[in-house]
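I have placed the structure first, in the form of structure tokens, so that the comments after it can refer back to it.
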Amino acid sequence: KNQVEQSPQSLIILEGKNCTLQCNYTVSPFSNLRWYKQDTGRGPVSLTIMTFSENTKSNGRYTATLDADTKQSSLHITASQLSDSASYICVVTLYNTDKLIFGTGTRLQVFP
Amino acid sequence: EPEVTQTPSHQVTQMGQEVILRCVPISNHLYFYWYRQILGQKVEFLVSFYNNEISEKSEIFDDQFSVERPDGSNFTLKIRSTKLEDSAMYFCASSTGTSDTGELFFGEGSRLTVL
């Protein structure tokens, strides 16, 4: 079954600290893996997109990694800010379809 | 910056009523999507639309659902006879390419509450 699992479910960190969020997927074959940020009650906003041949992709303070062999990805956030408080969702696109398969997300809270 | 806009932001309806959710995709985008998110659950794919026809749909998208692009700008999702379990946030998205290649831009969502 095509699934995307994320850990931890929730995370609390202090402003200025770094954190790493994990994603494991069983989607096969896949086209790309995305990380989205979703504020409560808002639409998801794209952070990174990686194809299966890419190992890492950065977008400002966000760096995503992908290991297609172990079917794992991570999102590293450096120097966290209060505005980083949101859910971070790992999304995998099933190959040759329009279907994005979403994970349940990691809820990150950044406190001052 | 161009964005996907959705209306209404929140709609409350009685079970059995018809609901139309509206979306204005980004103007130069060609691929359109509807997703839904039941409270506390994952975002789920409903349907994709390209060249004035459905290109793919999920098992959730049954005969009660339909999509339409009635003019050059709007993209609508219709639920013919709403059920309690249709209560969710519905997100419209658009892109220049397919999900294989294109970045999807999501709207802010329309929250549907079925009583």
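Each chain in the structure tokens gets a letter, A, B, ..., in the order shown, and its residues are numbered from 1; ligands are numbered from 1 in order too.
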
Those of chain B in DSSP strand (DSSP E or B), formatted as JSON, numbers by chain: {"B": [5, 6, 7, 10, 11, 12, 13, 19, 20, 21, 22, 23, 24, 31, 32, 33, 34, 35, 36, 37, 43, 44, 45, 46, 47, 48, 49, 50, 53, 54, 55, 56, 57, 65, 66, 67, 68, 75, 76, 77, 78, 79, 88, 89, 90, 91, 92, 93, 94, 95, 105, 106, 110, 111, 112, 113, 114]}

Using only C-alpha atoms, please write the residues we just selected to a file, as a JSON list (two decimals), in the first residue's frame.
```json
[["chain", "number", "residue", "atom", "x", "y", "z"],
["B", 5, "THR", "CA", -8.35, 31.98, -4.64],
["B", 6, "GLN", "CA", -11.27, 30.01, -3.26],
["B", 7, "THR", "CA", -14.80, 30.92, -2.26],
["B", 10, "HIS", "CA", -16.69, 28.59, 4.99],
["B", 11, "GLN", "CA", -20.04, 27.10, 4.09],
["B", 12, "VAL", "CA", -22.55, 25.44, 6.36],
["B", 13, "THR", "CA", -25.21, 23.30, 4.71],
["B", 19, "VAL", "CA", -22.94, 22.68, -2.66],
["B", 20, "ILE", "CA", -20.69, 24.41, -5.19],
["B", 21, "LEU", "CA", -17.17, 25.39, -4.20],
["B", 22, "ARG", "CA", -15.41, 27.86, -6.44],
["B", 23, "CYS", "CA", -11.79, 28.35, -7.31],
["B", 24, "VAL", "CA", -9.89, 30.80, -9.47],
["B", 31, "TYR", "CA", -3.75, 21.77, -14.61],
["B", 32, "PHE", "CA", -6.31, 21.98, -11.84],
["B", 33, "TYR", "CA", -6.92, 19.85, -8.80],
["B", 34, "TRP", "CA", -9.23, 19.39, -5.86],
["B", 35, "TYR", "CA", -8.03, 17.93, -2.58],
["B", 36, "ARG", "CA", -9.82, 17.57, 0.71],
["B", 37, "GLN", "CA", -8.74, 17.35, 4.33],
["B", 43, "VAL", "CA", -4.90, 15.75, 2.76],
["B", 44, "GLU", "CA", -6.47, 13.46, 0.13],
["B", 45, "PHE", "CA", -6.52, 13.69, -3.65],
["B", 46, "LEU", "CA", -9.97, 14.00, -5.23],
["B", 47, "VAL", "CA", -9.58, 14.87, -8.89],
["B", 48, "SER", "CA", -7.33, 16.41, -11.52],
["B", 49, "PHE", "CA", -8.56, 18.34, -14.55],
["B", 50, "TYR", "CA", -6.82, 19.28, -17.76],
["B", 53, "GLU", "CA", -11.85, 17.10, -18.82],
["B", 54, "ILE", "CA", -11.08, 14.97, -15.79],
["B", 55, "SER", "CA", -7.66, 13.38, -16.20],
["B", 56, "GLU", "CA", -7.69, 11.39, -12.98],
["B", 57, "LYS", "CA", -9.95, 10.84, -9.97],
["B", 65, "PHE", "CA", -19.03, 14.90, -7.13],
["B", 66, "SER", "CA", -18.48, 16.80, -10.33],
["B", 67, "VAL", "CA", -16.06, 19.45, -11.56],
["B", 68, "GLU", "CA", -16.42, 22.08, -14.18],
["B", 75, "PHE", "CA", -12.95, 25.93, -11.62],
["B", 76, "THR", "CA", -15.76, 24.50, -9.53],
["B", 77, "LEU", "CA", -16.41, 21.45, -7.40],
["B", 78, "LYS", "CA", -20.04, 20.44, -7.00],
["B", 79, "ILE", "CA", -21.36, 18.02, -4.42],
["B", 88, "ALA", "CA", -13.93, 18.82, 5.40],
["B", 89, "MET", "CA", -11.63, 21.52, 4.14],
["B", 90, "TYR", "CA", -11.54, 21.46, 0.35],
["B", 91, "PHE", "CA", -8.40, 22.76, -1.33],
["B", 92, "CYS", "CA", -8.10, 23.77, -4.95],
["B", 93, "ALA", "CA", -4.67, 23.69, -6.56],
["B", 94, "SER", "CA", -3.25, 24.58, -9.94],
["B", 95, "SER", "CA", 0.01, 24.08, -11.78],
["B", 105, "PHE", "CA", -0.05, 26.01, -5.74],
["B", 106, "PHE", "CA", -2.85, 25.57, -3.25],
["B", 110, "SER", "CA", -13.11, 26.19, 1.64],
["B", 111, "ARG", "CA", -14.35, 24.71, 4.89],
["B", 112, "LEU", "CA", -17.57, 22.76, 4.37],
["B", 113, "THR", "CA", -19.69, 21.84, 7.37],
["B", 114, "VAL", "CA", -22.61, 19.50, 6.75]]
```

Using only C-alpha atoms, select each residue of chain A with any atom at most 12 Å away from an atom of chain B, and give the selection as an MDAnalysis selection string. chainID A and resid 3:6 9 29:52 87:107

Just the residues within 8 Å of Thr26 (chain A), please, counting only C-alpha atoms, with nothing from its chain fewer than 2 positions along; format it as a list in words.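 Result of the neighbour search: Lys1, Asn2, Gln3, Val4, Asn24, Ser28 and Lys71 of chain A.
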
Selected residues, N, CA, C and O atoms, written as a PDB file, in the first residue's frame, please.
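The new file out_31.pdb reads:
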```
ATOM      1  N   LYS A   1       0.845  -1.192   0.000  1.00  0.00           N
ATOM      2  CA  LYS A   1       0.000   0.000   0.000  1.00  0.00           C
ATOM      3  C   LYS A   1       0.881   1.242   0.000  1.00  0.00           C
ATOM      4  O   LYS A   1       1.882   1.295   0.703  1.00  0.00           O
ATOM      5  N   ASN A   2       0.534   2.241  -0.794  1.00  0.00           N
ATOM      6  CA  ASN A   2       1.326   3.465  -0.873  1.00  0.00           C
ATOM      7  C   ASN A   2       1.044   4.350   0.325  1.00  0.00           C
ATOM      8  O   ASN A   2      -0.061   4.851   0.493  1.00  0.00           O
ATOM      9  N   GLN A   3       2.062   4.518   1.158  1.00  0.00           N
ATOM     10  CA  GLN A   3       1.886   5.308   2.376  1.00  0.00           C
ATOM     11  C   GLN A   3       3.078   6.214   2.616  1.00  0.00           C
ATOM     12  O   GLN A   3       4.201   5.944   2.175  1.00  0.00           O
ATOM     13  N   VAL A   4       2.803   7.285   3.341  1.00  0.00           N
ATOM     14  CA  VAL A   4       3.847   8.229   3.753  1.00  0.00           C
ATOM     15  C   VAL A   4       3.700   8.421   5.256  1.00  0.00           C
ATOM     16  O   VAL A   4       2.626   8.821   5.716  1.00  0.00           O
ATOM     17  N   ASN A  24       9.208   8.682   5.990  1.00  0.00           N
ATOM     18  CA  ASN A  24       9.441   7.370   5.383  1.00  0.00           C
ATOM     19  C   ASN A  24       8.262   7.070   4.467  1.00  0.00           C
ATOM     20  O   ASN A  24       7.105   7.326   4.827  1.00  0.00           O
ATOM     21  N   SER A  28       5.678   3.511  -4.502  1.00  0.00           N
ATOM     22  CA  SER A  28       6.559   3.008  -5.548  1.00  0.00           C
ATOM     23  C   SER A  28       5.763   2.661  -6.804  1.00  0.00           C
ATOM     24  O   SER A  28       4.710   2.020  -6.704  1.00  0.00           O
ATOM     25  N   LYS A  71      14.186   4.878   0.984  1.00  0.00           N
ATOM     26  CA  LYS A  71      12.858   5.508   0.958  1.00  0.00           C
ATOM     27  C   LYS A  71      12.650   6.387   2.187  1.00  0.00           C
ATOM     28  O   LYS A  71      11.638   6.283   2.905  1.00  0.00           O
TER      29      LYS A  71
END
```

Return as JSON lines the residues of region 36-103 of chain A lying at most 9 Å from region 13-22 of chain A, together with the closest atom-to-atom pair for each and the distance in Å to one decimal, counting only C-alpha atoms, with rows in chain order and ascending residue number.
```
{"residue": "A:Gln72", "atom": "CA", "partner": "A:Gln22", "partner_atom": "CA", "distance": 7.5}
{"residue": "A:Ser73", "atom": "CA", "partner": "A:Gln22", "partner_atom": "CA", "distance": 6.1}
{"residue": "A:Ser74", "atom": "CA", "partner": "A:Gln22", "partner_atom": "CA", "distance": 4.5}
{"residue": "A:Leu75", "atom": "CA", "partner": "A:Leu21", "partner_atom": "CA", "distance": 5.1}
{"residue": "A:His76", "atom": "CA", "partner": "A:Thr20", "partner_atom": "CA", "distance": 4.3}
{"residue": "A:Ile77", "atom": "CA", "partner": "A:Cys19", "partner_atom": "CA", "distance": 5.4}
{"residue": "A:Thr78", "atom": "CA", "partner": "A:Asn18", "partner_atom": "CA", "distance": 4.4}
{"residue": "A:Ala79", "atom": "CA", "partner": "A:Gly16", "partner_atom": "CA", "distance": 4.2}
{"residue": "A:Ser80", "atom": "CA", "partner": "A:Gly16", "partner_atom": "CA", "distance": 4.7}
{"residue": "A:Gln81", "atom": "CA", "partner": "A:Glu15", "partner_atom": "CA", "distance": 5.3}
{"residue": "A:Leu82", "atom": "CA", "partner": "A:Glu15", "partner_atom": "CA", "distance": 6.3}
{"residue": "A:Tyr88", "atom": "CA", "partner": "A:Leu21", "partner_atom": "CA", "distance": 8.2}
{"residue": "A:Cys90", "atom": "CA", "partner": "A:Gln22", "partner_atom": "CA", "distance": 8.6}
```
